[in-house]
Amino acid sequence: MGAAAPDTASFNSLVRAVGPLKARRTYDGAIPSSFTSSRAATDAAAGRTSYWSFKPNPKTFATDTAAQAKLSRFLDTVPAGHKTVIIALHEPEDEILRGDYTLAQWGAANNKVSQIVKAKKRPELRFGISLMGPWTFDSRSPYYKYKWESVLNFDRVDVVGIDPYKFRASTGSLQSILTKSNSGVGTTPNPSTMAKLSSWGKPIALTEWGVVTNDRYTGAPISNTTRAEWITAGSNWMKSWNATQPVKIEAALYFHVRPDGGSYLTGAALTAFANATP
């Protein structure tokens, strides 16, 4: 179990409330000059794994040798032995759909990032991807047409990430939306999200997950009791999945950062998350 928080102070406050966390999700835009200047800087001393994202220019990174050299230098500053998963251009689906860049450009940028990571020959540095959620693999979605395998060299992918949320009062359990096709509907022949991710044969990370305090579309409140139950059931399902499935969930990083509708952990939801933490 881990989390993302707005800043280090907020993350430390969460840790004081729930106990030590083994992983942290952080986000930088441009490539920092060094690990100590990145938002993941405090992870090494705390002994937790960093799931760190950055946003290179997807249109140029694959051929921009200066940007590539900057990433290479940054990776050299990650402390020896510090477990770090490097993720470029997380949740690209909407940006591809808007035409900000193409699926092929996203793939080319990620293939170059993975090549740079692998060239370090440091097993503590791994390359990962992070996609949006069950809607990505839902046949009703505009994202369903994206063929990730057609643009990405999965031989150099170490971790595949997904960001599932309960955004609506009607959204089902974490288990349902991830293990039944079409976001939990389960009446279509296309693979469920977990089946699709598992088919790639890589450890899975919930690079974000959470339940909001208000329905994203209606504004109706989702009670702390309901939120707590969803978190507890989700945690129990993850443990059951790992006990029975060959492809494991290696990390689950709660998004304690207020997406639309809010998902700050408070009250019963905070207690549920604390109880889910090893």
# chains A, B, ... in the order shown; residues from 1 in each chain; ligands from 1
>>> residues_around(residues="Ala276 (chain A)", least_positions_apart="6", cutoff="10 Å", atoms="only C-alpha atoms", output="PyMOL selection string")
chain A and resi 1+18+231-236+239+270
>>> write_last_selection(atoms="C-alpha atoms", output="compact mmCIF listing (two decimals), in the first residue's frame")
# COMPACT_ATOMS: atom_id res chain seq x y z
CA MET A 1 0.00 0.00 0.00
CA VAL A 18 -2.11 5.54 8.95
CA ILE A 231 -11.77 0.73 0.34
CA THR A 232 -11.98 -2.28 2.66
CA ALA A 233 -13.57 -4.49 0.03
CA GLY A 234 -10.97 -3.35 -2.51
CA SER A 235 -8.10 -4.14 -0.19
CA ASN A 236 -9.51 -7.58 0.57
CA LYS A 239 -5.10 -9.77 -1.27
CA LEU A 270 -9.16 7.09 6.57
>>> residues_around(residues="Arg73 (chain A)", least_positions_apart="2", cutoff="10 Å", atoms="only C-alpha atoms", output="compact mmCIF listing (two decimals) with N, CA and C atoms, in the first residue's frame")
# COMPACT_ATOMS: atom_id res chain seq x y z
N ILE A 31 11.87 17.04 -16.72
CA ILE A 31 12.84 16.19 -16.04
C ILE A 31 13.62 17.03 -15.03
N PRO A 32 13.60 16.68 -13.75
CA PRO A 32 14.36 17.45 -12.76
C PRO A 32 15.87 17.34 -13.01
N SER A 33 16.60 18.26 -12.43
CA SER A 33 18.06 18.23 -12.59
C SER A 33 18.69 17.07 -11.83
N SER A 34 18.02 16.62 -10.77
CA SER A 34 18.54 15.50 -9.98
C SER A 34 17.40 14.89 -9.18
N PHE A 35 17.65 13.69 -8.64
CA PHE A 35 16.62 13.04 -7.84
C PHE A 35 16.27 13.87 -6.61
N ALA A 67 17.20 15.98 -24.60
CA ALA A 67 16.23 15.56 -23.59
C ALA A 67 16.54 14.16 -23.10
N GLN A 68 16.95 13.29 -24.00
CA GLN A 68 17.31 11.93 -23.61
C GLN A 68 18.52 11.94 -22.66
N ALA A 69 19.51 12.77 -22.96
CA ALA A 69 20.70 12.86 -22.10
C ALA A 69 20.33 13.40 -20.73
N LYS A 70 19.37 14.32 -20.68
CA LYS A 70 18.94 14.86 -19.38
C LYS A 70 18.28 13.78 -18.54
N LEU A 71 17.45 12.94 -19.17
CA LEU A 71 16.85 11.83 -18.42
C LEU A 71 17.93 10.87 -17.94
N LEU A 75 18.63 9.84 -14.01
CA LEU A 75 18.62 8.47 -13.49
C LEU A 75 19.92 8.15 -12.75
N ASP A 76 21.02 8.73 -13.19
CA ASP A 76 22.30 8.50 -12.52
C ASP A 76 22.30 9.06 -11.10
N THR A 77 21.40 10.00 -10.81
CA THR A 77 21.35 10.60 -9.48
C THR A 77 20.42 9.88 -8.52
N VAL A 78 19.66 8.89 -9.02
CA VAL A 78 18.81 8.10 -8.11
C VAL A 78 19.74 7.30 -7.20
>>> closest_atom_pairs(of="region 183-272 of chain A", to="region 43-62 of chain A", cutoff="10 Å", atoms="only C-alpha atoms", output="tab-separated table")
residue	atom	partner	partner_atom	distance
A:Ala205	CA	A:Tyr51	CA	9.4
A:Thr207	CA	A:Tyr51	CA	7.6
A:Ala251	CA	A:Thr49	CA	9.4
A:Leu253	CA	A:Tyr51	CA	9.0
>>> closest_residue(among="A:His256, A:Glu149, A:Ser139, A:Gly267", to="Thr188 (chain A)", atoms="only C-alpha atoms")
A:Ser139
>>> decode(residues="region 86-187 of chain A", atoms="C-alpha atoms", output="PDB file, in the first residue's frame")
ATOM      1  CA  ILE A  86       9.841   5.454 -14.079  1.00  0.00           C
ATOM      2  CA  ILE A  87       6.611   6.340 -15.893  1.00  0.00           C
ATOM      3  CA  ALA A  88       6.391   8.724 -18.845  1.00  0.00           C
ATOM      4  CA  LEU A  89       3.189  10.417 -20.012  1.00  0.00           C
ATOM      5  CA  HIS A  90       0.795   8.674 -17.625  1.00  0.00           C
ATOM      6  CA  GLU A  91      -2.906   8.485 -18.521  1.00  0.00           C
ATOM      7  CA  PRO A  92      -2.421   9.469 -22.177  1.00  0.00           C
ATOM      8  CA  GLU A  93      -5.870   8.468 -23.413  1.00  0.00           C
ATOM      9  CA  ASP A  94      -7.596  11.872 -23.350  1.00  0.00           C
ATOM     10  CA  GLU A  95      -4.580  13.660 -24.801  1.00  0.00           C
ATOM     11  CA  ILE A  96      -4.416  11.173 -27.674  1.00  0.00           C
ATOM     12  CA  LEU A  97      -8.165  11.540 -28.242  1.00  0.00           C
ATOM     13  CA  ARG A  98      -7.867  15.355 -28.344  1.00  0.00           C
ATOM     14  CA  GLY A  99      -5.108  15.096 -30.902  1.00  0.00           C
ATOM     15  CA  ASP A 100      -2.413  16.558 -28.644  1.00  0.00           C
ATOM     16  CA  TYR A 101      -0.228  13.711 -29.900  1.00  0.00           C
ATOM     17  CA  THR A 102      -0.737  10.325 -31.486  1.00  0.00           C
ATOM     18  CA  LEU A 103      -0.677   6.849 -30.032  1.00  0.00           C
ATOM     19  CA  ALA A 104       2.415   6.187 -32.148  1.00  0.00           C
ATOM     20  CA  GLN A 105       4.178   9.236 -30.698  1.00  0.00           C
ATOM     21  CA  TRP A 106       3.302   8.133 -27.161  1.00  0.00           C
ATOM     22  CA  GLY A 107       4.710   4.687 -27.939  1.00  0.00           C
ATOM     23  CA  ALA A 108       7.889   6.052 -29.495  1.00  0.00           C
ATOM     24  CA  ALA A 109       8.551   8.321 -26.500  1.00  0.00           C
ATOM     25  CA  ASN A 110       7.965   5.475 -24.052  1.00  0.00           C
ATOM     26  CA  ASN A 111      10.139   3.082 -26.042  1.00  0.00           C
ATOM     27  CA  LYS A 112      12.998   5.574 -25.860  1.00  0.00           C
ATOM     28  CA  VAL A 113      12.478   6.093 -22.111  1.00  0.00           C
ATOM     29  CA  SER A 114      12.496   2.330 -21.523  1.00  0.00           C
ATOM     30  CA  GLN A 115      15.680   2.015 -23.567  1.00  0.00           C
ATOM     31  CA  ILE A 116      17.396   4.645 -21.419  1.00  0.00           C
ATOM     32  CA  VAL A 117      16.213   2.991 -18.200  1.00  0.00           C
ATOM     33  CA  LYS A 118      17.409  -0.441 -19.316  1.00  0.00           C
ATOM     34  CA  ALA A 119      20.790   0.929 -20.432  1.00  0.00           C
ATOM     35  CA  LYS A 120      21.561   1.735 -16.779  1.00  0.00           C
ATOM     36  CA  LYS A 121      21.626  -1.987 -15.953  1.00  0.00           C
ATOM     37  CA  ARG A 122      20.360  -1.200 -12.450  1.00  0.00           C
ATOM     38  CA  PRO A 123      17.648  -3.652 -11.358  1.00  0.00           C
ATOM     39  CA  GLU A 124      16.288  -1.131  -8.864  1.00  0.00           C
ATOM     40  CA  LEU A 125      15.301   1.114 -11.790  1.00  0.00           C
ATOM     41  CA  ARG A 126      12.278  -0.188 -13.651  1.00  0.00           C
ATOM     42  CA  PHE A 127      10.124   1.154 -16.450  1.00  0.00           C
ATOM     43  CA  GLY A 128       6.344   1.281 -16.231  1.00  0.00           C
ATOM     44  CA  ILE A 129       3.252   2.593 -17.951  1.00  0.00           C
ATOM     45  CA  SER A 130       0.122   4.000 -16.358  1.00  0.00           C
ATOM     46  CA  LEU A 131      -3.258   3.974 -18.128  1.00  0.00           C
ATOM     47  CA  MET A 132      -6.514   5.551 -17.028  1.00  0.00           C
ATOM     48  CA  GLY A 133      -8.815   2.805 -15.824  1.00  0.00           C
ATOM     49  CA  PRO A 134     -11.530   0.309 -16.756  1.00  0.00           C
ATOM     50  CA  TRP A 135     -12.972   2.705 -19.357  1.00  0.00           C
ATOM     51  CA  THR A 136      -9.741   2.270 -21.350  1.00  0.00           C
ATOM     52  CA  PHE A 137     -10.664  -1.370 -21.981  1.00  0.00           C
ATOM     53  CA  ASP A 138     -14.428  -0.857 -22.273  1.00  0.00           C
ATOM     54  CA  SER A 139     -15.796  -1.572 -25.769  1.00  0.00           C
ATOM     55  CA  ARG A 140     -18.118   1.451 -25.458  1.00  0.00           C
ATOM     56  CA  SER A 141     -15.121   3.749 -24.970  1.00  0.00           C
ATOM     57  CA  PRO A 142     -13.290   5.746 -27.665  1.00  0.00           C
ATOM     58  CA  TYR A 143     -10.072   4.460 -26.076  1.00  0.00           C
ATOM     59  CA  TYR A 144     -10.938   0.844 -26.823  1.00  0.00           C
ATOM     60  CA  LYS A 145      -9.516   1.191 -30.332  1.00  0.00           C
ATOM     61  CA  TYR A 146      -6.031   1.983 -29.019  1.00  0.00           C
ATOM     62  CA  LYS A 147      -3.738  -0.980 -29.614  1.00  0.00           C
ATOM     63  CA  TRP A 148      -1.009  -0.441 -27.047  1.00  0.00           C
ATOM     64  CA  GLU A 149       0.844  -3.540 -28.223  1.00  0.00           C
ATOM     65  CA  SER A 150       1.211  -2.035 -31.698  1.00  0.00           C
ATOM     66  CA  VAL A 151       3.364   0.870 -30.491  1.00  0.00           C
ATOM     67  CA  LEU A 152       5.037  -0.274 -27.269  1.00  0.00           C
ATOM     68  CA  ASN A 153       7.972  -2.637 -26.818  1.00  0.00           C
ATOM     69  CA  PHE A 154       6.604  -4.736 -23.969  1.00  0.00           C
ATOM     70  CA  ASP A 155       9.910  -6.585 -23.657  1.00  0.00           C
ATOM     71  CA  ARG A 156      11.212  -3.498 -21.850  1.00  0.00           C
ATOM     72  CA  VAL A 157       8.102  -2.881 -19.723  1.00  0.00           C
ATOM     73  CA  ASP A 158       8.473  -3.962 -16.094  1.00  0.00           C
ATOM     74  CA  VAL A 159       5.209  -2.737 -14.555  1.00  0.00           C
ATOM     75  CA  VAL A 160       1.767  -1.996 -16.002  1.00  0.00           C
ATOM     76  CA  GLY A 161      -0.343   0.515 -14.137  1.00  0.00           C
ATOM     77  CA  ILE A 162      -4.040   1.315 -14.039  1.00  0.00           C
ATOM     78  CA  ASP A 163      -5.955   4.091 -12.234  1.00  0.00           C
ATOM     79  CA  PRO A 164      -9.410   2.836 -11.149  1.00  0.00           C
ATOM     80  CA  TYR A 165     -11.831   5.045  -9.205  1.00  0.00           C
ATOM     81  CA  LYS A 166     -15.327   5.040  -7.816  1.00  0.00           C
ATOM     82  CA  PHE A 167     -16.411   8.316  -9.426  1.00  0.00           C
ATOM     83  CA  ARG A 168     -20.133   7.661  -9.235  1.00  0.00           C
ATOM     84  CA  ALA A 169     -22.487   6.426  -6.552  1.00  0.00           C
ATOM     85  CA  SER A 170     -23.502   3.687  -8.981  1.00  0.00           C
ATOM     86  CA  THR A 171     -19.930   2.506  -9.651  1.00  0.00           C
ATOM     87  CA  GLY A 172     -19.413  -1.043  -8.438  1.00  0.00           C
ATOM     88  CA  SER A 173     -16.716  -2.513  -6.257  1.00  0.00           C
ATOM     89  CA  LEU A 174     -13.066  -2.359  -7.248  1.00  0.00           C
ATOM     90  CA  GLN A 175     -13.207  -6.091  -7.911  1.00  0.00           C
ATOM     91  CA  SER A 176     -16.238  -5.742 -10.154  1.00  0.00           C
ATOM     92  CA  ILE A 177     -14.991  -2.882 -12.308  1.00  0.00           C
ATOM     93  CA  LEU A 178     -11.598  -4.516 -12.789  1.00  0.00           C
ATOM     94  CA  THR A 179     -12.497  -8.190 -13.186  1.00  0.00           C
ATOM     95  CA  LYS A 180     -15.723  -7.942 -15.216  1.00  0.00           C
ATOM     96  CA  SER A 181     -15.713  -6.665 -18.784  1.00  0.00           C
ATOM     97  CA  ASN A 182     -16.974  -3.212 -19.728  1.00  0.00           C
ATOM     98  CA  SER A 183     -16.277  -1.534 -16.402  1.00  0.00           C
ATOM     99  CA  GLY A 184     -18.084  -4.177 -14.384  1.00  0.00           C
ATOM    100  CA  VAL A 185     -21.071  -4.768 -16.672  1.00  0.00           C
ATOM    101  CA  GLY A 186     -19.683  -8.192 -17.508  1.00  0.00           C
ATOM    102  CA  THR A 187     -22.002  -8.989 -20.409  1.00  0.00           C
TER     103      THR A 187
END
